[in-house]
Amino acid sequence: MTTVATLGSHCALQVLKGAKDEGLGTMLVCERRRESLYRRFGFIDRIVLVDRFEDVLGERCASELRGAPGGPAVLVPHGTLVARLSPDQMESIGSPIFGNRRMLRWESDRGLKEKLMREARLPLPASVPDPSNIRTLSIAKRQGAAGGRGYFLASSGADYRAKRAALVGRGVIREGEDLYVQEYARGVLAYLQFFHSPLRGDVEFFGADQRHESDIEGLARIPAGEQDAGWTPSFNVIGNSPLVLRESLLEEAYRMGERFVEASRRLVPPGMNGPFCIEGVYGADGRFTAFEFSARIVAGTNIYMDGSPYYSLLYGEPVSMGRRIAREIKEAAAAGSLDAVAA
Amino acid sequence: MTTVATLGSHCALQVLKGAKDEGLGTMLVCERRRESLYRRFGFIDRIVLVDRFEDVLGERCASELRGAPGGPAVLVPHGTLVARLSPDQMESIGSPIFGNRRMLRWESDRGLKEKLMREARLPLPASVPDPSNIRTLSIAKRQGAAGGRGYFLASSGADYRAKRAALVGRGVIREGEDLYVQEYARGVLAYLQFFHSPLRGDVEFFGADQRHESDIEGLARIPAGEQDAGWTPSFNVIGNSPLVLRESLLEEAYRMGERFVEASRRLVPPGMNGPFCIEGVYGADGRFTAFEFSARIVAGTNIYMDGSPYYSLLYGEPVSMGRRIAREIKEAAAAGSLDAVAA
Amino acid sequence: MTTVATLGSHCALQVLKGAKDEGLGTMLVCERRRESLYRRFGFIDRIVLVDRFEDVLGERCASELRGAPGGPAVLVPHGTLVARLSPDQMESIGSPIFGNRRMLRWESDRGLKEKLMREARLPLPASVPDPSNIRTLSIAKRQGAAGGRGYFLASSGADYRAKRAALVGRGVIREGEDLYVQEYARGVLAYLQFFHSPLRGDVEFFGADQRHESDIEGLARIPAGEQDAGWTPSFNVIGNSPLVLRESLLEEAYRMGERFVEASRRLVPPGMNGPFCIEGVYGADGRFTAFEFSARIVAGTNIYMDGSPYYSLLYGEPVSMGRRIAREIKEAAAAGSLDAVAA
């Protein structure tokens with residue numbers, strides 16, 4: 001059977017467990033320092049040790065991936081791949097990559113990202129091209145999948161400059177680094193997880209999660225009078241927890257997922273295949289504002305490693321996102337059309 | 001087999017999936033604008049399209065419900081039914097309604113609600129009949145199941161008048177609308193979900209959840225110094241997440257559920273049958289204060305679509321609230337006593 | 001088969017359900033006032049009623065435990081045992097106790113606790129031996145497993161004295177009671193749950209949870225401007241909810257668990273066997289600071305009564321912590337080495 005491969009981080013356990021549950025082979029590209037972790041799990045057929053994830057670009061890894069049992073392994077991209085490789089590097093990988101690898105550039109580049117979200121008619125917070133024009137509470141973000149590290153809130157241009165300088169001084173962001181500023185959307189955070197199957201021609205809503213970020217989450221447990229005015233909370237992602245949406249919000253969630261797939265088909269053909277995530281906030285009026293997307297599986301799906309409630313509704317059995325990916329690969333391989341789902 | 005019917009919103013997916021899992025028929029009364037959502041799910045046998053949910057009162061729907069396979073469909077009421085129909089309208093529906101339809105009036109009317117909660121000796125926050133007497137942090141709520149929309153905090157009579165006027169100005173609440181004000185109870189929010197089976201003569205504790213409301217939830221992630229003093233947070237329900245209670249709280253949770261059923265038997269015979277929810281806060285001393293109840297399935301049970309942990313303890317298998325309802329209907333139908341569980 | 005026994009509180013349902021699922025016998029030592037709760041669950045073979053949990057030390061209980069079907073019952077200790085009995089009392093119990101009963105003293109005594117955590121090289125918040133030296137936001141805690149009751153924040157020596165006096169006045173803490181003060185660590189709270197099997201010679205990461213404490217949790221939903229300056233939030237544990245960690249944090253979580261077991265082997269031979277928990281905060285830099293440990297099953301595992309996602313990865317089936325304990329007992333009994341897991 002086809003082998004599924006991924007990098008040893010982010011959601012590797014879920015992806016390879018799902019592959020094994022579907023009867024596929026499994027291969028992990030693993031940094032040596034994490035070998036002992038992944039050796040614990042019996043569902044990983046083969047571990048390819050590397051010094052750094054960037055070595056996935058080298059010939060030794062390429063050869064391992066090409067020579068996997070059942071034919072060339074399909075590499076499932078996730079946030080670590082996006083964080084560690086440039087778009088050019090990701091596009092240069094010789095192995096088949098699940099989904100559409102060109103989408104990862106549109107996730108990594110803030111300008112392209114905003115363009116695709118506008119094309120999908122997702123409601124966006126206003127972006128603030130010139131930080132000296134900050135007039136209302138806004139958030140400054142780094143390019144790429146940085147896991148929230150170095151993000152900060154600012155309520156004026158002076159506030160932005162002071163906080164930015166402090167973070168540069170602490171080495172969290174680089175001098176001259178290009179930050180993206182958008183007005184801060186407040187309400188209930190919701191990360192909406194989808195899967196688009198080009199084989200079935202359909203978008204599926206998989207589930208929703210909330211992210212837990214540090215140390216901003218600590219604010220909630222400190223009385224206003226004891227919050228240190230000099231404290232600049234940060235947004236380093238630590239974990240995720242489950243959220244089930246009010247059912248009356250599902251119709252619009254599906255529509256956003258469908259508009260996103262259609263827009264990506266126009267701008268980045270063949271468009272968004274496989275798992276993706278639209279990330280935002282439900283505001284006071286119950287409407288969603290999208291501030292990000294991820295063009296691949298997100299770590300928030302890890303909370304549903306044993307299956308998401310919404311997929312039980314669709315499939316009548318527990319199906320994780322890792323398993324859904326494996327099922328798509330299996331169906332495509334059986335039909336001789338692996339290149340429709342991984343190219 | 002008997003057919004279970006419900007309106008296409010709130011927890012319809014869970015209710016009909018549970019019915020199908022128990023081998024019952026399923027029917028959905030669905031607004032046209034949401035048809036595409038519900039068509040995705042294979043466990044829905046029949047979709048009756050309507051322009052608006054209020055059409056469930058019309059002859060076409062009545063005829064569909066009467067003519068369902070296996071005899072008249074049993075309609076499972078949920079928050080959308082309560083929000084969209086008046087108590088008189090709900091009582092006038094010709095189909096059997098799961099539980100005790102007269103209880104829905106006691107949920108909708110704040111005065112009756114408070115009366116029943118007192119009869120059940122649930123600890124209540126003090127109500128504030130005259131808002132100009134607000135002396136401590138209080139919350140103003142609308143009548144009926146409004147999903148938290150238009151609720152607001154106020155700490156004085158002047159504060160109440162100013163915020164109310166602003167919400168009327170924005171069209172969120174109506175001029176002259178009767179609001180219910182109670183002292184604000186703080187602590188850990190907990191929505192306690194129960195099921196009372198008249199067949200088995202027993203109350204079951206199903207689980208607990210927390211609600212995520214917008215944009216009040218956004219407060220937790222904004223430093224005190226950057227919270228806009230003019231911001232009036234609202235309580236629009238967006239979703240739910242799971243909560244497991246300290247086991248030493250279960251005994252009292254069961255007792256509250258039992259007292260509620262007993263009180264309802266005295267005031268609204270035959271009393272509270274089927275699912276219900278007691279909604280409140282565990283305070284600093286670990287004691288519960290109840291601020292609401294729902295006299296039917298709540299959307300918070302959606303987080304346990306694959307079964308709640310507490311029901312695994314009782315039933316030794318995964319059982320959702322939707323499935324529990326279906327099981328009760330099936331047992332009643334088998335015993336020829338459907339009217340004991342739906343009247 | 002061997003019988004598993006525990007006190008009727010904390011996580012008794014999970015522990016006995018897990019035992020029954022593994023085919024073991026089950027016995028509950030239950031206070032009379034909670035009898036009606038536990039009678040509901042069919043997986044409890046025998047309920048031994050007592051007036052107070054302290055009666056577990058008496059001859060009647062001892063005789064029941066000794067005479068259990070399948071030989072002397074194995075008592076699974078949990079937070080209620082630690083809260084209600086002194087270390088000397090726990091060590092005096094005649095029955096086999098799952099894990100290493102001498103560890104419970106190290107959990108109960110703040111000095112020993114800090115010593116063991118340092119030996120395990122867990123990153124700790126600074127402790128503040130003299131509260132008049134409080135210079136930064138700090139938290140005062142009681143000895144033992146008090147469930148967070150009487151804990152409070154203080155930002156100066158004067159603040160500490162005033163709040164302490166108020167709590168003494170309200171009878172929450174005793175005059176002259178010895179409190180433990182440490183600097184407050186802020187970020188994402190995470191309770192890391194582990195199991196160490198001396199039979200398999202391995203540490204397993206079971207899962208993570210977040211605690212919900214009252215009334216500190218209420219802060220998050222009250223605007224800064226409406227928080228009463230005289231309010232001293234408390235930390236009474238009400239319940240738990242699930243959290244899945246960023247996968248890149250797992251390697252270090254495993255290492256902390258392993259270091260903890262190794263350190264306990266040196267200081268409290270034969271060391272930490274069975275379930276334990278390392279409790280702390282992930283800070284802004286993504287690093288963990290540990291402020292507590294529990295040397296036995298924690299109530300946070302109750303959220304995974306149907307199995308934790310991480311154990312599905314390890315075992316390929318749903319396994320709760322209660323079930324994991326029972327499996328260890330079963331394996332030890334089959335090998336004739338019960339004393340390796342319960343002594």
# chains A, B, ... in the order shown; residues from 1 in each chain; ligands from 1

$ calpha_fit_and_write --fixed "chain B" --moving "chain A" --output "CSV table (one decimal) with C-alpha atoms, in the first residue's frame"
chain,number,residue,atom,x,y,z
A,1,MET,CA,-40.6,2.3,13.4
A,2,THR,CA,-41.7,5.6,14.9
A,3,THR,CA,-40.3,8.7,13.2
A,4,VAL,CA,-38.5,11.4,15.1
A,5,ALA,CA,-39.0,15.0,13.7
A,6,THR,CA,-37.4,18.3,14.6
A,7,LEU,CA,-36.7,21.8,13.3
A,8,GLY,CA,-33.5,22.2,11.2
A,9,SER,CA,-31.3,24.2,13.7
A,10,HIS,CA,-29.9,24.1,17.3
A,11,CYS,CA,-29.3,20.3,17.8
A,12,ALA,CA,-31.2,18.8,14.9
A,13,LEU,CA,-28.2,16.8,13.6
A,14,GLN,CA,-27.6,15.2,17.0
A,15,VAL,CA,-31.3,14.4,17.5
A,16,LEU,CA,-31.8,12.8,14.1
A,17,LYS,CA,-28.5,11.0,14.2
A,18,GLY,CA,-29.4,9.6,17.6
A,19,ALA,CA,-32.8,8.5,16.3
A,20,LYS,CA,-31.2,6.8,13.3
A,21,ASP,CA,-28.7,5.0,15.6
A,22,GLU,CA,-31.7,3.6,17.5
A,23,GLY,CA,-33.3,2.4,14.3
A,24,LEU,CA,-36.1,5.1,14.2
A,25,GLY,CA,-37.2,7.1,11.2
A,26,THR,CA,-36.1,10.7,10.9
A,27,MET,CA,-37.8,13.8,9.5
A,28,LEU,CA,-36.5,17.4,9.4
A,29,VAL,CA,-38.6,20.6,9.1
A,30,CYS,CA,-36.1,22.8,7.3
A,31,GLU,CA,-36.0,26.4,6.2
A,32,ARG,CA,-35.2,26.5,2.5
A,33,ARG,CA,-32.1,28.6,3.0
A,34,ARG,CA,-30.5,25.8,5.1
A,35,GLU,CA,-31.5,22.9,2.8
A,36,SER,CA,-28.0,22.5,1.4
A,37,LEU,CA,-26.6,22.0,4.8
A,38,TYR,CA,-28.9,19.3,5.9
A,39,ARG,CA,-28.9,17.4,2.5
A,40,ARG,CA,-25.3,16.5,3.4
A,41,PHE,CA,-26.3,14.0,6.1
A,42,GLY,CA,-27.4,10.6,5.1
A,43,PHE,CA,-29.3,9.8,8.3
A,44,ILE,CA,-32.1,12.3,7.5
A,45,ASP,CA,-34.9,10.3,5.8
A,46,ARG,CA,-37.1,13.1,4.8
A,47,ILE,CA,-36.7,16.9,4.7
A,48,VAL,CA,-39.9,19.0,4.7
A,49,LEU,CA,-39.0,22.4,3.3
A,50,VAL,CA,-40.7,25.5,4.7
A,51,ASP,CA,-40.2,29.2,4.2
A,52,ARG,CA,-40.0,29.9,7.9
A,53,PHE,CA,-40.0,27.7,11.0
A,54,GLU,CA,-43.4,29.2,11.9
A,55,ASP,CA,-44.8,27.1,9.1
A,56,VAL,CA,-44.5,24.1,11.3
A,57,LEU,CA,-47.9,25.3,12.6
A,58,GLY,CA,-49.5,25.0,9.1
A,59,GLU,CA,-51.5,22.1,7.7
A,60,ARG,CA,-48.9,21.0,5.3
A,61,CYS,CA,-46.4,20.3,8.0
A,62,ALA,CA,-49.0,18.8,10.3
A,63,SER,CA,-50.0,16.4,7.5
A,64,GLU,CA,-46.4,15.4,6.9
A,65,LEU,CA,-45.9,14.8,10.6
A,66,ARG,CA,-49.2,12.8,10.9
A,67,GLY,CA,-48.4,10.7,7.9
A,68,ALA,CA,-44.8,9.7,8.8
A,69,PRO,CA,-43.8,6.1,8.4
A,70,GLY,CA,-44.6,4.1,11.6
A,71,GLY,CA,-47.4,6.5,12.7
A,72,PRO,CA,-47.4,10.2,13.7
A,73,ALA,CA,-43.9,11.6,14.1
A,74,VAL,CA,-42.8,12.6,17.6
A,75,LEU,CA,-41.5,16.2,17.4
A,76,VAL,CA,-38.5,16.9,19.6
A,77,PRO,CA,-38.6,20.6,20.7
A,78,HIS,CA,-35.4,22.6,21.1
A,79,GLY,CA,-34.3,26.2,21.6
A,80,THR,CA,-35.2,27.3,18.1
A,81,LEU,CA,-38.8,26.1,18.6
A,82,VAL,CA,-38.9,28.1,21.9
A,83,ALA,CA,-37.3,31.2,20.3
A,84,ARG,CA,-39.6,31.2,17.2
A,85,LEU,CA,-43.0,30.2,18.6
A,86,SER,CA,-45.1,31.6,21.4
A,87,PRO,CA,-46.1,29.2,24.2
A,88,ASP,CA,-49.7,29.3,22.9
A,89,GLN,CA,-48.4,28.3,19.5
A,90,MET,CA,-46.3,25.5,20.9
A,91,GLU,CA,-49.2,24.1,22.8
A,92,SER,CA,-51.4,24.2,19.7
A,93,ILE,CA,-49.2,21.9,17.7
A,94,GLY,CA,-51.1,18.8,16.7
A,95,SER,CA,-48.2,16.3,16.7
A,96,PRO,CA,-47.0,14.6,19.8
A,97,ILE,CA,-44.2,16.6,21.3
A,98,PHE,CA,-41.5,14.8,23.3
A,99,GLY,CA,-41.5,15.7,27.0
A,100,ASN,CA,-44.2,18.0,28.4
A,101,ARG,CA,-45.0,20.9,26.1
A,102,ARG,CA,-46.5,22.9,28.9
A,103,MET,CA,-43.1,23.2,30.4
A,104,LEU,CA,-41.9,25.3,27.5
A,105,ARG,CA,-44.2,28.2,28.7
A,106,TRP,CA,-42.5,28.0,32.1
A,107,GLU,CA,-39.1,28.3,30.4
A,108,SER,CA,-40.2,31.3,28.2
A,109,ASP,CA,-41.9,33.4,30.9
A,110,ARG,CA,-39.4,34.9,33.4
A,111,GLY,CA,-42.0,35.1,36.2
A,112,LEU,CA,-43.1,31.5,35.8
A,113,LYS,CA,-39.4,30.4,35.5
A,114,GLU,CA,-38.5,32.0,38.8
A,115,LYS,CA,-41.5,30.5,40.4
A,116,LEU,CA,-40.6,27.0,39.4
A,117,MET,CA,-36.9,27.5,40.4
A,118,ARG,CA,-38.0,28.6,43.8
A,119,GLU,CA,-40.4,25.7,44.1
A,120,ALA,CA,-37.4,23.4,43.3
A,121,ARG,CA,-35.4,25.2,46.0
A,122,LEU,CA,-32.6,26.0,43.6
A,123,PRO,CA,-30.3,28.8,45.0
A,124,LEU,CA,-31.1,31.9,42.8
A,125,PRO,CA,-29.3,35.2,42.5
A,126,ALA,CA,-31.5,38.0,43.9
A,127,SER,CA,-33.7,39.5,41.2
A,128,VAL,CA,-33.9,43.3,40.9
A,129,PRO,CA,-37.5,44.2,40.1
A,130,ASP,CA,-36.8,47.9,39.7
A,131,PRO,CA,-33.6,48.6,37.7
A,132,SER,CA,-33.2,52.0,39.3
A,133,ASN,CA,-32.3,50.0,42.5
A,134,ILE,CA,-29.3,48.3,41.0
A,135,ARG,CA,-26.6,48.5,43.7
A,136,THR,CA,-24.2,45.7,42.7
A,137,LEU,CA,-23.0,44.2,39.4
A,138,SER,CA,-26.2,42.9,37.8
A,139,ILE,CA,-27.2,41.4,34.4
A,140,ALA,CA,-30.2,42.4,32.3
A,141,LYS,CA,-31.8,39.6,30.3
A,142,ARG,CA,-34.5,39.4,27.7
A,143,GLN,CA,-37.6,37.1,27.9
A,144,GLY,CA,-37.5,33.8,26.1
A,145,ALA,CA,-34.7,31.8,24.5
A,146,ALA,CA,-32.9,34.7,22.8
A,147,GLY,CA,-29.5,33.0,22.8
A,148,GLY,CA,-28.0,35.8,25.0
A,149,ARG,CA,-28.5,38.5,22.4
A,150,GLY,CA,-29.2,41.9,24.1
A,151,TYR,CA,-28.1,40.8,27.5
A,152,PHE,CA,-25.9,43.3,29.3
A,153,LEU,CA,-24.1,44.0,32.6
A,154,ALA,CA,-24.9,47.1,34.7
A,155,SER,CA,-23.6,48.3,38.0
A,156,SER,CA,-26.1,51.1,38.8
A,157,GLY,CA,-29.5,52.4,37.8
A,158,ALA,CA,-27.8,55.1,35.7
A,159,ASP,CA,-25.5,52.6,34.0
A,160,TYR,CA,-28.6,50.4,33.2
A,161,ARG,CA,-30.5,53.3,31.7
A,162,ALA,CA,-27.5,54.4,29.5
A,163,LYS,CA,-26.7,50.9,28.2
A,164,ARG,CA,-30.4,50.0,27.6
A,165,ALA,CA,-30.9,53.2,25.6
A,166,ALA,CA,-27.8,52.4,23.5
A,167,LEU,CA,-29.1,48.9,22.7
A,168,VAL,CA,-32.5,50.3,21.9
A,169,GLY,CA,-30.9,52.8,19.6
A,170,ARG,CA,-29.0,50.0,17.8
A,171,GLY,CA,-32.2,48.0,17.4
A,172,VAL,CA,-31.0,45.1,19.5
A,173,ILE,CA,-33.8,45.4,22.0
A,174,ARG,CA,-37.2,47.1,21.5
A,175,GLU,CA,-38.3,50.3,23.0
A,176,GLY,CA,-40.3,49.4,26.1
A,177,GLU,CA,-39.2,45.8,26.1
A,178,ASP,CA,-39.5,44.1,29.5
A,179,LEU,CA,-36.1,43.1,30.7
A,180,TYR,CA,-35.3,40.8,33.7
A,181,VAL,CA,-32.6,42.0,36.0
A,182,GLN,CA,-30.8,39.8,38.5
A,183,GLU,CA,-27.6,40.2,40.5
A,184,TYR,CA,-24.6,38.9,38.6
A,185,ALA,CA,-23.2,35.6,39.9
A,186,ARG,CA,-19.6,35.1,39.3
A,187,GLY,CA,-17.4,32.0,39.2
A,188,VAL,CA,-17.3,28.9,37.0
A,189,LEU,CA,-20.2,28.8,34.6
A,190,ALA,CA,-21.7,25.4,34.4
A,191,TYR,CA,-24.7,24.2,32.4
A,192,LEU,CA,-25.9,20.9,34.0
A,193,GLN,CA,-27.7,18.6,31.6
A,194,PHE,CA,-30.2,16.0,32.8
A,195,PHE,CA,-32.7,13.5,31.5
A,196,HIS,CA,-35.8,12.4,33.3
A,197,SER,CA,-37.4,9.2,32.2
A,198,PRO,CA,-41.0,8.7,33.3
A,199,LEU,CA,-40.7,5.1,32.0
A,200,ARG,CA,-37.8,4.3,34.3
A,201,GLY,CA,-38.8,6.8,37.0
A,202,ASP,CA,-35.4,8.2,37.3
A,203,VAL,CA,-33.3,11.3,36.7
A,204,GLU,CA,-30.0,10.9,34.9
A,205,PHE,CA,-27.1,13.4,34.9
A,206,PHE,CA,-25.9,13.6,31.3
A,207,GLY,CA,-23.0,16.1,31.5
A,208,ALA,CA,-21.9,19.7,31.8
A,209,ASP,CA,-20.8,22.3,29.4
A,210,GLN,CA,-19.6,25.9,29.2
A,211,ARG,CA,-21.0,28.4,26.8
A,212,HIS,CA,-18.9,30.7,24.7
A,213,GLU,CA,-20.6,34.1,24.3
A,214,SER,CA,-19.7,37.0,22.2
A,215,ASP,CA,-18.3,39.5,22.6
A,216,ILE,CA,-18.0,39.1,26.4
A,217,GLU,CA,-15.5,36.3,25.8
A,218,GLY,CA,-13.2,38.7,24.1
A,219,LEU,CA,-12.6,40.6,27.4
A,220,ALA,CA,-10.3,37.9,28.7
A,221,ARG,CA,-7.7,38.6,26.1
A,222,ILE,CA,-7.5,42.4,26.3
A,223,PRO,CA,-5.3,44.0,29.0
A,224,ALA,CA,-7.3,46.0,31.5
A,225,GLY,CA,-5.5,49.2,30.3
A,226,GLU,CA,-6.6,48.7,26.7
A,227,GLN,CA,-10.3,47.8,27.4
A,228,ASP,CA,-12.4,50.6,25.9
A,229,ALA,CA,-14.5,52.1,28.8
A,230,GLY,CA,-17.4,52.6,26.3
A,231,TRP,CA,-17.6,49.0,25.3
A,232,THR,CA,-20.8,47.1,26.5
A,233,PRO,CA,-20.0,43.4,26.2
A,234,SER,CA,-22.9,41.2,24.9
A,235,PHE,CA,-23.7,37.6,25.5
A,236,ASN,CA,-24.5,36.1,22.1
A,237,VAL,CA,-24.1,32.4,22.3
A,238,ILE,CA,-21.6,31.1,19.7
A,239,GLY,CA,-20.8,27.6,20.9
A,240,ASN,CA,-20.0,25.2,23.7
A,241,SER,CA,-17.2,23.3,25.2
A,242,PRO,CA,-17.0,20.3,27.6
A,243,LEU,CA,-16.6,20.5,31.3
A,244,VAL,CA,-16.2,17.6,33.8
A,245,LEU,CA,-17.3,18.4,37.3
A,246,ARG,CA,-15.4,17.6,40.5
A,247,GLU,CA,-16.9,14.4,41.5
A,248,SER,CA,-17.9,15.7,45.0
A,249,LEU,CA,-20.3,18.0,43.2
A,250,LEU,CA,-22.3,15.2,41.5
A,251,GLU,CA,-24.4,14.3,44.5
A,252,GLU,CA,-25.8,17.8,44.8
A,253,ALA,CA,-26.2,18.1,41.0
A,254,TYR,CA,-28.4,15.0,41.1
A,255,ARG,CA,-30.4,16.4,44.0
A,256,MET,CA,-31.0,19.6,42.1
A,257,GLY,CA,-32.2,17.7,39.1
A,258,GLU,CA,-34.5,15.6,41.2
A,259,ARG,CA,-35.9,18.6,43.1
A,260,PHE,CA,-36.6,20.2,39.7
A,261,VAL,CA,-38.5,17.2,38.4
A,262,GLU,CA,-40.5,17.0,41.7
A,263,ALA,CA,-41.4,20.7,41.7
A,264,SER,CA,-42.4,20.6,38.0
A,265,ARG,CA,-44.7,17.6,38.8
A,266,ARG,CA,-46.5,19.8,41.3
A,267,LEU,CA,-46.7,22.9,39.2
A,268,VAL,CA,-46.9,21.6,35.6
A,269,PRO,CA,-48.2,18.0,35.8
A,270,PRO,CA,-47.1,15.5,34.6
A,271,GLY,CA,-43.9,17.5,35.1
A,272,MET,CA,-40.5,17.7,33.4
A,273,ASN,CA,-40.0,14.6,31.2
A,274,GLY,CA,-37.1,14.1,28.9
A,275,PRO,CA,-34.0,16.4,28.7
A,276,PHE,CA,-33.6,19.6,30.6
A,277,CYS,CA,-30.8,21.8,31.8
A,278,ILE,CA,-30.1,23.8,35.0
A,279,GLU,CA,-27.8,26.7,34.2
A,280,GLY,CA,-25.7,28.6,36.7
A,281,VAL,CA,-22.4,29.3,38.3
A,282,TYR,CA,-20.3,27.6,40.9
A,283,GLY,CA,-19.1,30.4,43.3
A,284,ALA,CA,-16.1,30.9,45.4
A,285,ASP,CA,-17.4,28.5,48.1
A,286,GLY,CA,-18.1,25.7,45.6
A,287,ARG,CA,-21.8,26.2,45.8
A,288,PHE,CA,-24.1,26.4,42.8
A,289,THR,CA,-26.3,29.4,42.0
A,290,ALA,CA,-28.9,28.7,39.3
A,291,PHE,CA,-29.8,31.6,37.0
A,292,GLU,CA,-31.8,29.7,34.3
A,293,PHE,CA,-33.3,26.5,33.2
A,294,SER,CA,-34.2,25.0,29.8
A,295,ALA,CA,-37.1,22.7,29.7
A,296,ARG,CA,-35.9,20.7,26.7
A,297,ILE,CA,-32.6,19.6,25.1
A,298,VAL,CA,-29.9,22.3,25.1
A,299,ALA,CA,-27.3,22.9,22.4
A,300,GLY,CA,-24.6,22.3,24.9
A,301,THR,CA,-25.3,18.5,24.5
A,302,ASN,CA,-23.9,18.9,20.9
A,303,ILE,CA,-20.4,18.6,22.4
A,304,TYR,CA,-21.3,15.0,23.3
A,305,MET,CA,-22.7,14.0,19.9
A,306,ASP,CA,-20.4,10.9,20.2
A,307,GLY,CA,-21.6,10.2,23.8
A,308,SER,CA,-21.0,11.9,27.1
A,309,PRO,CA,-18.5,10.4,29.7
A,310,TYR,CA,-21.2,10.2,32.3
A,311,TYR,CA,-23.5,8.2,30.0
A,312,SER,CA,-20.7,5.8,29.3
A,313,LEU,CA,-20.7,5.2,33.1
A,314,LEU,CA,-24.5,4.6,33.1
A,315,TYR,CA,-24.9,2.7,29.8
A,316,GLY,CA,-21.5,1.2,29.1
A,317,GLU,CA,-21.6,2.5,25.5
A,318,PRO,CA,-21.5,5.9,23.9
A,319,VAL,CA,-24.9,7.5,24.1
A,320,SER,CA,-25.7,11.1,23.0
A,321,MET,CA,-28.7,13.0,24.4
A,322,GLY,CA,-30.3,12.6,20.9
A,323,ARG,CA,-29.8,8.9,21.2
A,324,ARG,CA,-31.2,8.8,24.8
A,325,ILE,CA,-34.3,10.6,23.6
A,326,ALA,CA,-34.7,8.1,20.7
A,327,ARG,CA,-34.3,5.2,23.1
A,328,GLU,CA,-37.0,6.5,25.4
A,329,ILE,CA,-39.4,6.9,22.4
A,330,LYS,CA,-38.5,3.4,21.2
A,331,GLU,CA,-39.1,1.9,24.7
A,332,ALA,CA,-42.4,3.7,25.0
A,333,ALA,CA,-43.6,2.7,21.5
A,334,ALA,CA,-42.7,-0.9,22.2
A,335,ALA,CA,-44.8,-0.7,25.4
A,336,GLY,CA,-47.7,1.0,23.6
A,337,SER,CA,-47.3,4.0,25.9
A,338,LEU,CA,-45.9,6.8,23.6
A,339,ASP,CA,-48.2,9.2,25.3
A,340,ALA,CA,-46.3,8.8,28.6
A,341,VAL,CA,-43.2,10.4,26.9
A,342,ALA,CA,-44.8,12.7,24.3
A,343,ALA,CA,-48.1,14.4,24.7

$ select_by_dssp --residues "segment 278-320 of chain B" --states "helix (DSSP H, G or I)" --output "PyMOL selection string"
chain B and resi 299-304+309-315

$ select_by_dssp --residues "segment 107-288 of chain B" --states "strand (DSSP E)" --output "PyMOL selection string"
chain B and resi 138-141+152-154+180-183+188-197+202-215+235-245+274-282+288
